[in-house]
Amino acid sequence: MTVDLLLGLQWGDEGKGKIVDVLTSKYDIIARFQGGPNAGHTLEFDGIKHVLRTIPSGIFHKNSINIIGNGVVIDPVVFLKEIEGLEKFNMDIQSKLLISRKAHLILPTHRLLDAASETAKGKAKIGSTLKGIGPTYMDKTGRNGLRVGDIEMADFEEKYRSLANKHEEMIKFYDVSIQYNLPEMEREFFEAIEGLKKLTFIDSEEFLAKAQKEGKSILCEGAQGSLLDVDFGTYPFVTSSNTTAAGACTGLGIAPNKIKDVFGIFKAYTTRVGSGPFPTEEFGTDGDTMAKVGNEFGSVTGRARRCGWLDLVALKYAIQINGVTQLMMMKGDVLSGFETLKVCTAYNYKGETIKHLPFSIEEENVTPIYTEFKGWQADLTGMSTFDELPTELKEYIAFIEKEVEVPITIISVGPDRKQTITKA
C-alpha cells in the first residue's frame, strides 16, 4: 500500500497535470483533494492538448480509478461540459470517475456573489476568477453549503431555494451593478444536476480506507500551489482551500501517517496569476521572454501570467511546510537562450538579510537578493536523458538541490508527456 502526494510549490500553474499523467501508470487510484474549476490542469500527448478543471489527471489511463474528494467544490454545469469533452475518447466515465458525497456544490448564486464581492472591492480586488469558489467555501465553513450527497435527498430543491434566496439578499447588500439572468442560470444548473446523477457517488473516505487495506496505491493530486494556501500563502491574495499537504488529509480523509512520498512541482522560474506580491517579478525583456516562450496564459481563464526569476526563499518555505521528499522541475526548456540567469537566494527585509518567508513580502518590505548563473543556449525539447542536458543546466539543478536539500528527480523539457527526463 502506497499513498503519495503531488503538490505545486509556487503560485500554481507549475505543470502538475502533466506530471500526474506521467506518474499515473504506477498508481491504482488518483484522487483530487481540494480546489474548484478555476484550476486547469493541462496534459499534452499524441498531438492533442487536454485541459481538465475538476476531473483528476489520471482519467486518460485506462487502469486508474479517479476520485473527486470531499475537499473539492464542484460546479455541475462546468463539470458536465468537461465530461462531454471527454466523450469522444470513448472512456468508461461511469466506472473510472467517482465523486465524494461530501464534496460541496457551486450554485449559480455563488458565482453571482463572487462577482458582486469582487466588484465592490474596486481597486482592492484580489483577482478572483469569479467561478464562485470562494463563496462556496464560505458556505462550507459557515455550515450552509449543499453537498453532492444532498442531490440524493428528497428535499434537495427546497434546500437549494433556501440557500439561493439567502444569496440574493447578500447580493443586494453589496449594492453594485452586475447583470445576470438567474432563471436561465438555474435552468442550466438543474439540467446539469440531472447529468450528475448518472455518475457514481461514493463515501470516499470509506472507499479509500478499504483501498489501502487491499494494498492499492494512491496518488493524491492537489490544485493551485502552496503559496496560494489559505493559511500559509500570501494572504489575502490566496485561494479558499488548503493547497498544502495537510489539505490532502482533510480533503480525502486519509490519515497523515499513511502518506509516504510528497512530490513537489516547481517551474525553473516563477509565475503568478492575478494580484498579490511577487518579489522576483521581471517587468522588462526577460519577463516578456519567459511569458512568450513559456506560453504563460491560464489554461482555464486565459489570463496572462506574471513572470520572474526562481525564488528559492519561497521554494524552501513550500518544501518545509509540505515535507517534500522529491522535486520535479518544469519548463527548463523555457530558460534556454538567456545569457544570464538569476536565482533569489535571500531577501532584504526592512534592511535585514533573511532567508525565510516573512509575514509580508510586499514590495515595500522585501527586495530580492540574487545569485547569477551562466545560461545555456541548447534546445532541450528533443533531449531524453539527463546526460544530454547542457552543463550550465546541470549546475543550475545542482545549486537548487544543495540550497533546498531535496533531490530533483524529474526535469520537464517540453509540454508533451514524452518530454520528461528522469534523473537517477
# chains A, B, ... in the order shown; residues from 1 in each chain; ligands from 1

call {"tool": "select_by_dssp", "arguments": {"residues": "segment 28-243 of chain A", "states": "strand (DSSP E)", "output": "PyMOL selection string"}}
result
chain A and resi 29-32+41-45+48-52+65-68+73-74+97-100+104-105+200-202+217-221

call {"tool": "residues_around", "arguments": {"residues": "Gly253 of chain A", "least_positions_apart": "2", "cutoff": "10 Å", "atoms": "only C-alpha atoms", "output": "JSON, numbers by chain"}}
result
{"A": [33, 69, 70, 71, 204, 205, 206, 207, 208, 209, 247, 248, 249, 250, 251, 255, 256]}

call {"tool": "write_last_selection", "arguments": {"atoms": "N, CA, C and O atoms", "output": "compact mmCIF listing (two decimals), in the first residue's frame"}}
result
# COMPACT_ATOMS: atom_id res chain seq x y z
N PHE A 33 -7.95 16.42 -4.14
CA PHE A 33 -8.36 16.67 -2.76
C PHE A 33 -8.82 18.08 -2.42
O PHE A 33 -9.32 18.31 -1.33
N GLY A 69 -12.47 14.24 -4.36
CA GLY A 69 -12.61 14.13 -2.92
C GLY A 69 -13.54 15.16 -2.30
O GLY A 69 -14.00 16.10 -2.95
N ASN A 70 -13.78 14.99 -1.01
CA ASN A 70 -14.69 15.87 -0.28
C ASN A 70 -14.19 17.30 -0.18
O ASN A 70 -14.98 18.23 0.02
N GLY A 71 -12.88 17.52 -0.35
CA GLY A 71 -12.33 18.87 -0.25
C GLY A 71 -12.52 19.71 -1.50
O GLY A 71 -12.23 20.90 -1.50
N SER A 204 -16.22 8.62 0.03
CA SER A 204 -14.84 8.49 -0.45
C SER A 204 -13.85 8.11 0.64
O SER A 204 -12.90 7.37 0.39
N GLU A 205 -14.07 8.59 1.87
CA GLU A 205 -13.13 8.25 2.94
C GLU A 205 -13.17 6.75 3.23
O GLU A 205 -12.14 6.12 3.50
N GLU A 206 -14.38 6.16 3.15
CA GLU A 206 -14.52 4.71 3.36
C GLU A 206 -13.92 3.94 2.18
O GLU A 206 -13.23 2.94 2.35
N PHE A 207 -14.16 4.43 0.97
CA PHE A 207 -13.63 3.81 -0.24
C PHE A 207 -12.10 3.77 -0.19
O PHE A 207 -11.48 2.74 -0.48
N LEU A 208 -11.49 4.89 0.21
CA LEU A 208 -10.03 4.98 0.23
C LEU A 208 -9.44 4.15 1.37
O LEU A 208 -8.36 3.57 1.23
N ALA A 209 -10.14 4.08 2.51
CA ALA A 209 -9.66 3.24 3.61
C ALA A 209 -9.65 1.78 3.20
O ALA A 209 -8.70 1.04 3.49
N GLY A 247 -3.89 19.58 3.41
CA GLY A 247 -5.17 19.58 2.70
C GLY A 247 -5.53 18.24 2.11
O GLY A 247 -6.71 17.93 1.90
N ALA A 248 -4.53 17.42 1.83
CA ALA A 248 -4.81 16.08 1.30
C ALA A 248 -5.46 15.21 2.36
O ALA A 248 -6.32 14.37 2.05
N CYS A 249 -5.06 15.39 3.59
CA CYS A 249 -5.64 14.60 4.69
C CYS A 249 -7.09 15.00 4.93
O CYS A 249 -7.98 14.15 5.01
N THR A 250 -7.34 16.30 5.01
CA THR A 250 -8.70 16.77 5.27
C THR A 250 -9.58 16.68 4.02
O THR A 250 -10.80 16.54 4.13
N GLY A 251 -8.97 16.75 2.84
CA GLY A 251 -9.74 16.74 1.60
C GLY A 251 -10.06 15.36 1.08
O GLY A 251 -10.81 15.21 0.11
N ALA A 255 -5.30 9.47 6.69
CA ALA A 255 -4.52 9.80 7.89
C ALA A 255 -3.10 10.21 7.53
O ALA A 255 -2.50 9.66 6.60
N PRO A 256 -2.52 11.19 8.26
CA PRO A 256 -1.16 11.67 7.95
C PRO A 256 -0.11 10.56 7.95
O PRO A 256 0.83 10.60 7.16

call {"tool": "atom_distance", "arguments": {"atom1": "atom CA of Ala268 of chain A", "atom2": "atom CA of Gly225 of chain A"}}
result
14.8 Å

call {"tool": "closest_residue", "arguments": {"among": "A:Gln320, A:Thr391, A:Ser275, A:Gln212", "to": "Gln377 of chain A", "atoms": "only C-alpha atoms"}}
result
A:Thr391

call {"tool": "residues_around", "arguments": {"residues": "Val293 of chain A", "least_positions_apart": "5", "cutoff": "10 Å", "atoms": "only C-alpha atoms", "output": "list in words"}}
result
Asp288, Lys331, Asp333, Val334, Leu335 and Ser336 of chain A

call {"tool": "write_last_selection", "arguments": {"atoms": "N, CA, C and O atoms", "output": "compact mmCIF listing (two decimals), in the first residue's frame"}}
result
# COMPACT_ATOMS: atom_id res chain seq x y z
N ASP A 288 9.16 39.26 -20.27
CA ASP A 288 8.38 39.13 -21.51
C ASP A 288 8.79 37.87 -22.27
O ASP A 288 7.93 37.17 -22.84
N LYS A 331 9.51 23.11 -17.16
CA LYS A 331 9.80 24.19 -18.09
C LYS A 331 11.26 24.64 -18.08
O LYS A 331 11.56 25.83 -18.26
N ASP A 333 13.15 24.09 -20.41
CA ASP A 333 13.39 24.49 -21.79
C ASP A 333 13.12 25.97 -22.03
O ASP A 333 13.69 26.57 -22.94
N VAL A 334 12.24 26.56 -21.22
CA VAL A 334 11.88 27.97 -21.42
C VAL A 334 13.07 28.89 -21.14
O VAL A 334 13.18 29.97 -21.73
N LEU A 335 14.00 28.46 -20.29
CA LEU A 335 15.15 29.31 -19.94
C LEU A 335 16.29 29.20 -20.94
O LEU A 335 17.29 29.91 -20.82
N SER A 336 16.17 28.31 -21.93
CA SER A 336 17.20 28.23 -22.97
C SER A 336 17.30 29.56 -23.73
O SER A 336 16.27 30.15 -24.09

call {"tool": "atom_distance", "arguments": {"atom1": "atom CA of Asn295 of chain A", "atom2": "atom CA of Leu389 of chain A"}}
result
22.2 Å
